[in-house]
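In what follows, a structure is listed as structure tokens, so that the remarks can point back to it.
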Amino acid sequence: MECVIYRSDGAPRAPHVAESSESALKRLRDAPEGSFGWIRLADPSAQEVEALADELRLHPLAVEDAVQAHQRPKRERYGEVLSVALKTLRYVEETSQIESGDAMIFLGPHFVLTVCHGQADPAAEAAERLDRDPALLALGPLAVLHAVLDVTVDTYTAIAAEVRDDLTDLERRVFSPGRGEVIEEVYSLKREVLEFRDAVQPLVPVVQEFAGPRSGWPEEALPYFRDVADHVHRTDTEVRSLDELLNSVLDAHLAQVGARQNDDMRTISAWAAIFALPTLIAGVYGMNFAHMPELQWTYGYPAAIVLMVGACTALHRVFRRNGWL
């Protein structure tokens with residue numbers, strides 16, 4: 001647990017300190033006028049969140065969401081406290097998979113509480129951005145909300161570029177002359193994109209509401225949130241296009257599989273026809289009737305062999321010219 005006190009005038013903040021719930025709440029009470037506190041929790045227990053709930057006036061439903069996590073991106077207001085749920089994502093280069101986590105942000109008049117679950121924790125980078133832009137602190141707790149949203153959406157954008165590269169590589173393999181089996185990889189990437197979409201798509205209306213006049217926030221805060229809304233909208237469009245492209249790649253691969261099966265069946269049928277012809281000739285002359293033409297002819301056997309070879313050669317040329325072989 002960390003509690004940081006920020007001055008809205010951009011003055012240097014108090015250093016990050018790992019502490020207990022009691023000491024964090026004491027620092028909030030002792031904070032000077034015109035400042036606000038940011039309490040950061042990473043993978044907390046239910047006891048840690050509940051220890052802060054009464055002092056910060058958190059609704060029991062909000063506490064439940066923060067403890068259990070796995071919430072759909074949303075916003076809720078409980079009295080003076082605004083609750084925002086996010087999905088945090090992390091791209092694993094080694095496996096080309098997307099790991100998801102959860103973040104809950106609680107905004108009060110003079111405090112911000114962030115509760116993060118999973119390895120993708122945007123709070124640390126958000127704090128660094130606030131340190132580089134102290135003028136943003138004039139927005140008060142809204143500055144922290146913007147910083148966390150901005151870091152999260154920037155991560156979405158970076159992951160979308162990585163997934164685009166994976167999809168381009170997959171497309172190249174699907175349309176290559178070889179017969180490599182990629183159906184499992186297509187479905188694996190499809191699952192990653194669906195998980196990505198579930199994180200981005202519900203966040204779009206949430207951030208758009210923050211960027212509009214209905215938010216009730218100061219006018220100077222709206223441009224910051226409009227910028228985030230624009231980025232998340234672009235990322236949502238990118239994820240939708242990736243999903244559609246994956247469907248097209250899957251359809252193309254299945255069509256290729258069907259075409260290859262047709263080619264194989266045509267080749268097999270051609271060879272079957274070639275081998276059927278000498279079988280027919282041999283079958284006729286193997287019926288052992290007493291009176292059959294050429295049975296007593298000296299050159300009957302060589303003639304039958306020549307007939308078989310000639311007929312098979314003629315069929316082979318015809319099939320090969322038509323592309324069956």
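Residues in the structure tokens are named by chain (A, B, ... in the order shown) and by number from 1 within that chain; ligands are numbered from 1 in the order shown.
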
### Message
Which residues are close to A:Arg164, i.e. within 10 Å by only C-alpha atoms, leaving aside same-chain residues fewer than 3 positions away? Reply as a VMD selection string.
### Response
chain A and resid 158 to 161 167 to 170 238 to 239 241 to 242 245

Please, could you write that set of residues out with N, CA, C and O atoms as a short mmCIF file (atom, residue, chain, number, x, y, z; two decimals), in the first residue's frame?
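part37.cif, freshly written:
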```cif
data_model
loop_
_atom_site.label_atom_id
_atom_site.label_comp_id
_atom_site.auth_asym_id
_atom_site.auth_seq_id
_atom_site.Cartn_x
_atom_site.Cartn_y
_atom_site.Cartn_z
N ALA A 158 -0.49 0.19 -28.10
CA ALA A 158 0.73 -0.58 -28.34
C ALA A 158 0.41 -2.05 -28.58
O ALA A 158 1.00 -2.70 -29.47
N ILE A 159 -0.53 -2.60 -27.82
CA ILE A 159 -0.90 -4.01 -27.99
C ILE A 159 -1.57 -4.22 -29.34
O ILE A 159 -1.35 -5.25 -30.01
N ALA A 160 -2.38 -3.26 -29.78
CA ALA A 160 -3.03 -3.38 -31.09
C ALA A 160 -1.99 -3.47 -32.20
O ALA A 160 -2.16 -4.23 -33.16
N ALA A 161 -0.89 -2.72 -32.08
CA ALA A 161 0.18 -2.79 -33.08
C ALA A 161 0.84 -4.17 -33.07
O ALA A 161 1.16 -4.73 -34.13
N LEU A 167 -1.00 -10.77 -36.86
CA LEU A 167 -1.98 -11.09 -37.90
C LEU A 167 -1.35 -11.03 -39.28
O LEU A 167 -1.64 -11.88 -40.15
N THR A 168 -0.47 -10.05 -39.52
CA THR A 168 0.21 -9.95 -40.81
C THR A 168 1.06 -11.19 -41.07
O THR A 168 1.07 -11.74 -42.18
N ASP A 169 1.77 -11.64 -40.03
CA ASP A 169 2.57 -12.86 -40.17
C ASP A 169 1.69 -14.07 -40.44
O ASP A 169 2.03 -14.94 -41.26
N LEU A 170 0.54 -14.12 -39.80
CA LEU A 170 -0.38 -15.25 -40.00
C LEU A 170 -0.95 -15.23 -41.42
O LEU A 170 -1.07 -16.28 -42.06
N GLU A 238 -9.59 -0.10 -34.47
CA GLU A 238 -8.52 -1.01 -34.87
C GLU A 238 -8.82 -2.45 -34.45
O GLU A 238 -8.62 -3.39 -35.22
N VAL A 239 -9.32 -2.62 -33.23
CA VAL A 239 -9.63 -3.96 -32.75
C VAL A 239 -10.76 -4.58 -33.56
O VAL A 239 -10.73 -5.77 -33.89
N SER A 241 -11.42 -3.95 -36.69
CA SER A 241 -10.88 -4.33 -37.99
C SER A 241 -10.03 -5.60 -37.88
O SER A 241 -10.05 -6.45 -38.78
N LEU A 242 -9.29 -5.73 -36.77
CA LEU A 242 -8.52 -6.96 -36.56
C LEU A 242 -9.43 -8.17 -36.46
O LEU A 242 -9.13 -9.24 -37.02
N LEU A 245 -10.65 -8.97 -39.96
CA LEU A 245 -9.59 -9.56 -40.76
C LEU A 245 -9.33 -11.01 -40.36
O LEU A 245 -9.07 -11.86 -41.22
#
```

Counting only C-alpha atoms, what is within 9 Å of stretch 104-110 of chain A, bar same-chain residues fewer than 6 positions away, as a compact mmCIF listing (two decimals) with N, CA and C atoms, in the first residue's frame?
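New file result.txt:
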```txt
# COMPACT_ATOMS: atom_id res chain seq x y z
N LEU A 28 -3.90 11.21 5.01
CA LEU A 28 -4.98 11.93 4.33
C LEU A 28 -5.60 12.99 5.25
N GLY A 34 -5.84 22.35 0.10
CA GLY A 34 -5.48 22.46 -1.31
C GLY A 34 -4.70 21.27 -1.82
N SER A 35 -4.69 20.18 -1.12
CA SER A 35 -3.98 18.98 -1.56
C SER A 35 -4.95 17.81 -1.61
N PHE A 36 -4.50 16.73 -2.18
CA PHE A 36 -5.29 15.50 -2.20
C PHE A 36 -4.33 14.32 -2.11
N GLY A 37 -4.87 13.19 -1.66
CA GLY A 37 -4.06 12.00 -1.49
C GLY A 37 -4.41 10.92 -2.49
N TRP A 38 -3.40 10.17 -2.87
CA TRP A 38 -3.60 9.04 -3.78
C TRP A 38 -3.11 7.78 -3.07
N LEU A 56 -13.23 6.42 3.80
CA LEU A 56 -13.38 7.02 2.47
C LEU A 56 -14.82 7.00 1.97
N ARG A 57 -15.71 6.44 2.77
CA ARG A 57 -17.13 6.38 2.44
C ARG A 57 -17.38 5.64 1.13
N LEU A 58 -16.80 4.47 1.04
CA LEU A 58 -17.00 3.65 -0.14
C LEU A 58 -18.24 2.79 0.03
N ALA A 62 -19.26 -1.14 -4.17
CA ALA A 62 -17.98 -0.74 -4.77
C ALA A 62 -16.83 -1.52 -4.13
N ASP A 65 -16.78 -4.95 -5.66
CA ASP A 65 -16.19 -4.94 -7.00
C ASP A 65 -14.66 -4.86 -6.92
N ALA A 66 -14.16 -4.04 -5.99
CA ALA A 66 -12.72 -3.86 -5.88
C ALA A 66 -12.04 -5.14 -5.39
N ALA A 69 -12.84 -8.11 -8.29
CA ALA A 69 -12.31 -7.77 -9.61
C ALA A 69 -13.15 -8.43 -10.71
N GLN A 71 -14.44 -7.15 -13.35
CA GLN A 71 -15.60 -6.33 -13.67
C GLN A 71 -15.52 -5.85 -15.12
N GLU A 80 -20.64 11.12 -3.20
CA GLU A 80 -19.54 11.97 -3.65
C GLU A 80 -18.41 11.16 -4.28
N VAL A 81 -18.51 9.86 -4.26
CA VAL A 81 -17.43 9.00 -4.75
C VAL A 81 -17.79 8.44 -6.12
N LEU A 82 -16.88 8.65 -7.07
CA LEU A 82 -17.03 8.10 -8.42
C LEU A 82 -16.18 6.84 -8.51
N SER A 83 -16.79 5.76 -9.00
CA SER A 83 -16.09 4.48 -9.15
C SER A 83 -15.96 4.17 -10.64
N VAL A 84 -14.74 3.87 -11.07
CA VAL A 84 -14.47 3.54 -12.48
C VAL A 84 -13.73 2.20 -12.53
N ALA A 85 -14.25 1.28 -13.34
CA ALA A 85 -13.63 -0.04 -13.51
C ALA A 85 -12.99 -0.10 -14.89
N LEU A 86 -11.76 -0.63 -14.95
CA LEU A 86 -11.01 -0.76 -16.20
C LEU A 86 -10.48 -2.18 -16.34
N LYS A 87 -10.20 -2.56 -17.58
CA LYS A 87 -9.46 -3.77 -17.86
C LYS A 87 -8.04 -3.38 -18.25
N CYS A 116 -5.56 -2.37 -8.04
CA CYS A 116 -5.17 -3.08 -9.26
C CYS A 116 -4.95 -4.55 -8.97
N HIS A 117 -5.40 -5.38 -9.90
CA HIS A 117 -5.20 -6.82 -9.83
C HIS A 117 -4.49 -7.26 -11.11
N GLY A 140 -6.77 18.39 -9.66
CA GLY A 140 -7.06 17.65 -8.44
C GLY A 140 -7.11 16.16 -8.71
N PRO A 141 -8.02 15.42 -8.05
CA PRO A 141 -8.12 13.97 -8.26
C PRO A 141 -8.39 13.57 -9.71
N LEU A 142 -8.98 14.49 -10.50
CA LEU A 142 -9.22 14.19 -11.91
C LEU A 142 -7.90 13.97 -12.65
N VAL A 144 -5.33 12.31 -11.61
CA VAL A 144 -4.96 10.90 -11.45
C VAL A 144 -5.83 10.02 -12.36
N LEU A 145 -7.13 10.31 -12.40
CA LEU A 145 -8.02 9.54 -13.27
C LEU A 145 -7.56 9.64 -14.72
N VAL A 148 -4.22 7.62 -15.26
CA VAL A 148 -4.42 6.16 -15.30
C VAL A 148 -5.11 5.75 -16.60
```

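Coordinates place atom CA of A:Ile39 at a distance of 19.3 Å from atom CA of A:Glu76.
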
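Look at A:Arg321: the protein and nucleic acid residues within 12 Å of it, using only C-alpha atoms and passing over chain neighbours fewer than 6 places away, are Ala270, Ala314 and Leu315 of chain A.
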
Go ahead and write the selection's residues with all heavy atoms as a compact mmCIF listing (two decimals), in the first residue's frame.
```txt
# COMPACT_ATOMS: atom_id res chain seq x y z
N ALA A 270 -8.04 -39.39 -61.03
CA ALA A 270 -7.31 -39.57 -62.30
C ALA A 270 -6.46 -40.83 -62.26
O ALA A 270 -6.46 -41.64 -63.22
CB ALA A 270 -6.43 -38.35 -62.56
N ALA A 314 -1.95 -42.55 -72.77
CA ALA A 314 -2.87 -41.56 -73.35
C ALA A 314 -3.71 -40.88 -72.27
O ALA A 314 -3.88 -39.65 -72.26
CB ALA A 314 -3.77 -42.25 -74.38
N LEU A 315 -4.22 -41.66 -71.32
CA LEU A 315 -5.01 -41.06 -70.23
C LEU A 315 -4.15 -40.14 -69.37
O LEU A 315 -4.59 -39.07 -68.96
CB LEU A 315 -5.61 -42.18 -69.37
CG LEU A 315 -6.89 -42.84 -69.86
CD1 LEU A 315 -7.33 -43.93 -68.87
CD2 LEU A 315 -8.01 -41.81 -70.01
```

### Query
What's the 10 Å shell around A:Asn247, counting only C-alpha atoms, without same-chain residues fewer than 6 positions away, as a list in words?
Val186, Tyr187, Lys190, Ser241 and His253 of chain A

### Neighbour list for A:Val257 as a list of chain:residue names, cut-off 12 Å, only C-alpha atoms, skip fewer than 2 positions in-chain
A:Val174, A:Phe175, A:Gly178, A:Arg179, A:Gly180, A:Glu181, A:Val182, A:Ile183, A:Leu250, A:Asp251, A:Ala252, A:His253, A:Leu254, A:Ala255, A:Ala259, A:Arg260, A:Gln261, A:Asn262, A:Asp263, A:Asp264

Selected residues written out with all heavy atoms, as a compact mmCIF listing (two decimals), in the first residue's frame:
```
# COMPACT_ATOMS: atom_id res chain seq x y z
N VAL A 174 -0.73 -18.14 -44.23
CA VAL A 174 -1.94 -18.75 -44.81
C VAL A 174 -1.86 -18.75 -46.33
O VAL A 174 -2.24 -19.73 -46.99
CB VAL A 174 -3.18 -17.98 -44.32
CG1 VAL A 174 -4.41 -18.35 -45.16
CG2 VAL A 174 -3.47 -18.30 -42.86
N PHE A 175 -1.34 -17.66 -46.92
CA PHE A 175 -1.32 -17.55 -48.37
C PHE A 175 0.02 -17.97 -48.98
O PHE A 175 0.26 -17.70 -50.15
CB PHE A 175 -1.65 -16.11 -48.78
CG PHE A 175 -3.05 -15.70 -48.45
CD1 PHE A 175 -3.31 -14.85 -47.38
CD2 PHE A 175 -4.12 -16.19 -49.17
CE1 PHE A 175 -4.61 -14.49 -47.06
CE2 PHE A 175 -5.42 -15.83 -48.85
CZ PHE A 175 -5.67 -14.98 -47.79
N GLY A 178 3.18 -23.28 -49.24
CA GLY A 178 3.25 -24.49 -48.42
C GLY A 178 1.90 -24.88 -47.84
O GLY A 178 0.91 -24.15 -47.93
N ARG A 179 1.89 -26.05 -47.20
CA ARG A 179 0.65 -26.56 -46.63
C ARG A 179 0.72 -26.60 -45.11
O ARG A 179 0.22 -27.52 -44.48
CB ARG A 179 0.36 -27.96 -47.16
CG ARG A 179 -0.09 -27.99 -48.61
CD ARG A 179 -0.80 -29.29 -48.92
NE ARG A 179 -1.38 -29.29 -50.26
CZ ARG A 179 -2.26 -30.19 -50.68
NH1 ARG A 179 -2.65 -31.14 -49.86
NH2 ARG A 179 -2.74 -30.14 -51.90
N GLY A 180 1.37 -25.61 -44.51
CA GLY A 180 1.45 -25.57 -43.06
C GLY A 180 0.07 -25.42 -42.43
O GLY A 180 -0.77 -24.66 -42.89
N GLU A 181 -0.18 -26.15 -41.33
CA GLU A 181 -1.48 -26.10 -40.65
C GLU A 181 -1.46 -24.94 -39.65
O GLU A 181 -0.68 -24.92 -38.71
CB GLU A 181 -1.74 -27.41 -39.92
CG GLU A 181 -3.14 -27.50 -39.36
CD GLU A 181 -4.20 -27.33 -40.43
OE1 GLU A 181 -4.13 -28.01 -41.46
OE2 GLU A 181 -5.10 -26.49 -40.22
N VAL A 182 -2.33 -23.95 -39.88
CA VAL A 182 -2.34 -22.74 -39.04
C VAL A 182 -3.68 -22.53 -38.36
O VAL A 182 -3.89 -21.50 -37.72
CB VAL A 182 -2.00 -21.49 -39.89
CG1 VAL A 182 -0.59 -21.59 -40.46
CG2 VAL A 182 -3.02 -21.30 -41.01
N ILE A 183 -4.59 -23.50 -38.48
CA ILE A 183 -5.94 -23.29 -37.95
C ILE A 183 -5.92 -23.06 -36.45
O ILE A 183 -6.66 -22.23 -35.92
CB ILE A 183 -6.85 -24.49 -38.32
CG1 ILE A 183 -8.31 -24.17 -38.02
CG2 ILE A 183 -6.41 -25.76 -37.63
CD1 ILE A 183 -8.90 -23.13 -38.90
N LEU A 250 -9.59 -16.71 -41.54
CA LEU A 250 -10.13 -18.04 -41.24
C LEU A 250 -10.93 -18.58 -42.42
O LEU A 250 -10.79 -19.75 -42.81
CB LEU A 250 -11.00 -17.97 -39.98
CG LEU A 250 -11.62 -19.28 -39.51
CD1 LEU A 250 -10.54 -20.31 -39.22
CD2 LEU A 250 -12.49 -19.04 -38.28
N ASP A 251 -11.78 -17.73 -43.01
CA ASP A 251 -12.57 -18.16 -44.17
C ASP A 251 -11.66 -18.53 -45.34
O ASP A 251 -11.89 -19.52 -46.05
CB ASP A 251 -13.53 -17.05 -44.59
CG ASP A 251 -14.64 -16.83 -43.57
OD1 ASP A 251 -14.89 -17.74 -42.76
OD2 ASP A 251 -15.25 -15.74 -43.58
N ALA A 252 -10.61 -17.71 -45.55
CA ALA A 252 -9.68 -17.99 -46.65
C ALA A 252 -8.95 -19.30 -46.43
O ALA A 252 -8.76 -20.08 -47.37
CB ALA A 252 -8.68 -16.84 -46.79
N HIS A 253 -8.55 -19.55 -45.18
CA HIS A 253 -7.85 -20.80 -44.89
C HIS A 253 -8.76 -22.00 -45.11
O HIS A 253 -8.34 -23.01 -45.71
CB HIS A 253 -7.33 -20.78 -43.46
CG HIS A 253 -6.63 -22.04 -43.05
ND1 HIS A 253 -5.44 -22.44 -43.60
CD2 HIS A 253 -6.99 -23.02 -42.17
CE1 HIS A 253 -5.07 -23.59 -43.08
NE2 HIS A 253 -5.98 -23.97 -42.21
N LEU A 254 -10.00 -21.91 -44.64
CA LEU A 254 -10.94 -23.01 -44.84
C LEU A 254 -11.23 -23.23 -46.32
O LEU A 254 -11.37 -24.37 -46.78
CB LEU A 254 -12.23 -22.74 -44.08
CG LEU A 254 -12.10 -22.71 -42.55
CD1 LEU A 254 -13.44 -22.36 -41.91
CD2 LEU A 254 -11.59 -24.04 -42.01
N ALA A 255 -11.30 -22.12 -47.09
CA ALA A 255 -11.51 -22.25 -48.53
C ALA A 255 -10.31 -22.93 -49.19
O ALA A 255 -10.47 -23.77 -50.10
CB ALA A 255 -11.75 -20.88 -49.16
N ALA A 259 -10.26 -26.35 -51.28
CA ALA A 259 -9.73 -26.42 -52.65
C ALA A 259 -8.65 -27.49 -52.75
O ALA A 259 -8.58 -28.23 -53.75
CB ALA A 259 -9.16 -25.06 -53.05
N ARG A 260 -7.81 -27.59 -51.72
CA ARG A 260 -6.76 -28.61 -51.75
C ARG A 260 -7.35 -30.02 -51.68
O ARG A 260 -6.86 -30.94 -52.34
CB ARG A 260 -5.81 -28.39 -50.58
CG ARG A 260 -4.91 -27.17 -50.76
CD ARG A 260 -4.19 -26.82 -49.48
NE ARG A 260 -3.34 -25.64 -49.65
CZ ARG A 260 -2.76 -24.99 -48.65
NH1 ARG A 260 -2.95 -25.42 -47.40
NH2 ARG A 260 -2.01 -23.94 -48.89
N GLN A 261 -8.40 -30.17 -50.90
CA GLN A 261 -9.07 -31.47 -50.85
C GLN A 261 -9.66 -31.83 -52.22
O GLN A 261 -9.60 -33.00 -52.65
CB GLN A 261 -10.16 -31.46 -49.78
CG GLN A 261 -9.62 -31.45 -48.35
CD GLN A 261 -10.73 -31.38 -47.33
OE1 GLN A 261 -11.85 -30.98 -47.62
NE2 GLN A 261 -10.41 -31.75 -46.09
N ASN A 262 -10.23 -30.83 -52.90
CA ASN A 262 -10.77 -31.09 -54.25
C ASN A 262 -9.66 -31.49 -55.21
O ASN A 262 -9.83 -32.40 -56.03
CB ASN A 262 -11.49 -29.85 -54.77
CG ASN A 262 -12.80 -29.59 -54.05
OD1 ASN A 262 -13.39 -30.50 -53.47
ND2 ASN A 262 -13.25 -28.34 -54.06
N ASP A 263 -8.51 -30.79 -55.11
CA ASP A 263 -7.38 -31.16 -55.96
C ASP A 263 -6.91 -32.58 -55.67
O ASP A 263 -6.59 -33.34 -56.59
CB ASP A 263 -6.22 -30.18 -55.74
CG ASP A 263 -6.53 -28.80 -56.30
OD1 ASP A 263 -7.44 -28.69 -57.14
OD2 ASP A 263 -5.87 -27.83 -55.89
N ASP A 264 -6.84 -32.93 -54.40
CA ASP A 264 -6.40 -34.28 -54.04
C ASP A 264 -7.38 -35.33 -54.57
O ASP A 264 -6.96 -36.37 -55.10
CB ASP A 264 -6.28 -34.40 -52.51
CG ASP A 264 -5.15 -33.55 -51.95
OD1 ASP A 264 -4.26 -33.17 -52.74
OD2 ASP A 264 -5.17 -33.27 -50.74
```

### Close residues, A:Asp236 itself excluded, 7 Å, only C-alpha atoms, min 3 positions apart in chain, as number ranges by chain
A: 200-201, 232-233, 239-240

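Distances here use only C-alpha atoms; by that measure, the residue among A:Ile5, A:Ile268, A:Leu307, A:Val318 closest to A:Glu33 is A:Ile5.
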
### Task
Looking only at strand (DSSP E) from DSSP on the backbone, list the matching residues of stretch 37-284 of chain A as a ChimeraX atom specification.
/A:37-42,74-78,81-92,97-107,111-117

Can I get the selected residues back with N, CA and C atoms, as a compact mmCIF listing (two decimals), in the first residue's frame?
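Now in selection04.txt:
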```
# COMPACT_ATOMS: atom_id res chain seq x y z
N GLY A 37 -4.87 13.19 -1.66
CA GLY A 37 -4.06 12.00 -1.49
C GLY A 37 -4.41 10.92 -2.49
N TRP A 38 -3.40 10.17 -2.87
CA TRP A 38 -3.60 9.04 -3.78
C TRP A 38 -3.11 7.78 -3.07
N ILE A 39 -4.05 6.88 -2.77
CA ILE A 39 -3.73 5.59 -2.14
C ILE A 39 -3.73 4.53 -3.22
N ARG A 40 -2.64 3.78 -3.30
CA ARG A 40 -2.48 2.76 -4.33
C ARG A 40 -2.38 1.38 -3.69
N LEU A 41 -3.24 0.47 -4.15
CA LEU A 41 -3.24 -0.90 -3.68
C LEU A 41 -3.02 -1.84 -4.86
N ALA A 42 -2.18 -2.83 -4.67
CA ALA A 42 -1.91 -3.82 -5.71
C ALA A 42 -2.23 -5.20 -5.15
N LYS A 74 -16.76 0.11 -16.58
CA LYS A 74 -17.99 0.84 -16.28
C LYS A 74 -17.67 2.00 -15.35
N ARG A 75 -18.67 2.83 -15.09
CA ARG A 75 -18.57 3.92 -14.11
C ARG A 75 -19.81 3.89 -13.24
N GLU A 76 -19.64 4.15 -11.98
CA GLU A 76 -20.76 4.23 -11.04
C GLU A 76 -20.47 5.38 -10.08
N ARG A 77 -21.52 6.06 -9.67
CA ARG A 77 -21.37 7.12 -8.68
C ARG A 77 -22.16 6.75 -7.43
N TYR A 78 -21.44 6.77 -6.31
CA TYR A 78 -22.04 6.51 -5.00
C TYR A 78 -21.85 7.77 -4.16
N VAL A 81 -18.51 9.86 -4.26
CA VAL A 81 -17.43 9.00 -4.75
C VAL A 81 -17.79 8.44 -6.12
N LEU A 82 -16.88 8.65 -7.07
CA LEU A 82 -17.03 8.10 -8.42
C LEU A 82 -16.18 6.84 -8.51
N SER A 83 -16.79 5.76 -9.00
CA SER A 83 -16.09 4.48 -9.15
C SER A 83 -15.96 4.17 -10.64
N VAL A 84 -14.74 3.87 -11.07
CA VAL A 84 -14.47 3.54 -12.48
C VAL A 84 -13.73 2.20 -12.53
N ALA A 85 -14.25 1.28 -13.34
CA ALA A 85 -13.63 -0.04 -13.51
C ALA A 85 -12.99 -0.10 -14.89
N LEU A 86 -11.76 -0.63 -14.95
CA LEU A 86 -11.01 -0.76 -16.20
C LEU A 86 -10.48 -2.18 -16.34
N LYS A 87 -10.20 -2.56 -17.58
CA LYS A 87 -9.46 -3.77 -17.86
C LYS A 87 -8.04 -3.38 -18.25
N THR A 88 -7.05 -3.89 -17.53
CA THR A 88 -5.66 -3.63 -17.88
C THR A 88 -5.12 -4.82 -18.67
N LEU A 89 -4.27 -4.53 -19.65
CA LEU A 89 -3.76 -5.57 -20.54
C LEU A 89 -2.24 -5.51 -20.60
N ARG A 90 -1.65 -6.66 -20.88
CA ARG A 90 -0.20 -6.76 -21.04
C ARG A 90 0.09 -7.77 -22.14
N TYR A 91 0.93 -7.38 -23.09
CA TYR A 91 1.28 -8.27 -24.20
C TYR A 91 2.54 -9.05 -23.85
N VAL A 92 2.45 -10.37 -23.93
CA VAL A 92 3.59 -11.23 -23.62
C VAL A 92 4.27 -11.60 -24.93
N GLN A 97 0.62 -13.67 -26.45
CA GLN A 97 -0.68 -13.68 -25.79
C GLN A 97 -0.90 -12.39 -25.01
N ILE A 98 -2.16 -12.11 -24.73
CA ILE A 98 -2.54 -10.92 -23.99
C ILE A 98 -3.01 -11.33 -22.60
N GLU A 99 -2.34 -10.83 -21.59
CA GLU A 99 -2.74 -11.08 -20.21
C GLU A 99 -3.58 -9.90 -19.71
N SER A 100 -4.68 -10.20 -19.08
CA SER A 100 -5.59 -9.15 -18.62
C SER A 100 -5.56 -9.04 -17.10
N GLY A 101 -5.85 -7.86 -16.64
CA GLY A 101 -5.99 -7.59 -15.21
C GLY A 101 -7.14 -6.63 -15.00
N ASP A 102 -7.28 -6.15 -13.79
CA ASP A 102 -8.39 -5.26 -13.46
C ASP A 102 -7.88 -4.09 -12.63
N ALA A 103 -8.51 -2.96 -12.84
CA ALA A 103 -8.19 -1.77 -12.05
C ALA A 103 -9.49 -1.07 -11.67
N MET A 104 -9.58 -0.69 -10.42
CA MET A 104 -10.71 0.09 -9.92
C MET A 104 -10.16 1.43 -9.44
N ILE A 105 -10.82 2.51 -9.84
CA ILE A 105 -10.42 3.86 -9.44
C ILE A 105 -11.59 4.50 -8.70
N PHE A 106 -11.32 4.97 -7.50
CA PHE A 106 -12.33 5.65 -6.69
C PHE A 106 -11.90 7.10 -6.51
N LEU A 107 -12.76 8.03 -6.95
CA LEU A 107 -12.47 9.45 -6.83
C LEU A 107 -13.39 10.09 -5.81
N PHE A 111 -9.42 12.74 -2.42
CA PHE A 111 -8.61 11.53 -2.45
C PHE A 111 -8.87 10.75 -3.73
N VAL A 112 -7.92 9.88 -4.06
CA VAL A 112 -8.07 8.89 -5.13
C VAL A 112 -7.58 7.56 -4.57
N LEU A 113 -8.35 6.51 -4.80
CA LEU A 113 -7.95 5.17 -4.41
C LEU A 113 -7.93 4.31 -5.67
N THR A 114 -6.78 3.70 -5.96
CA THR A 114 -6.70 2.77 -7.08
C THR A 114 -6.41 1.37 -6.55
N VAL A 115 -7.16 0.40 -7.04
CA VAL A 115 -7.00 -1.00 -6.65
C VAL A 115 -6.75 -1.79 -7.93
N CYS A 116 -5.56 -2.37 -8.04
CA CYS A 116 -5.17 -3.08 -9.26
C CYS A 116 -4.95 -4.55 -8.97
N HIS A 117 -5.40 -5.38 -9.90
CA HIS A 117 -5.20 -6.82 -9.83
C HIS A 117 -4.49 -7.26 -11.11
```

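Among the candidates A:Thr298, A:Ser23, A:Ser248, A:Asn322, the residue lying nearest to A:Cys3 is A:Ser23 (atoms considered: only C-alpha atoms).
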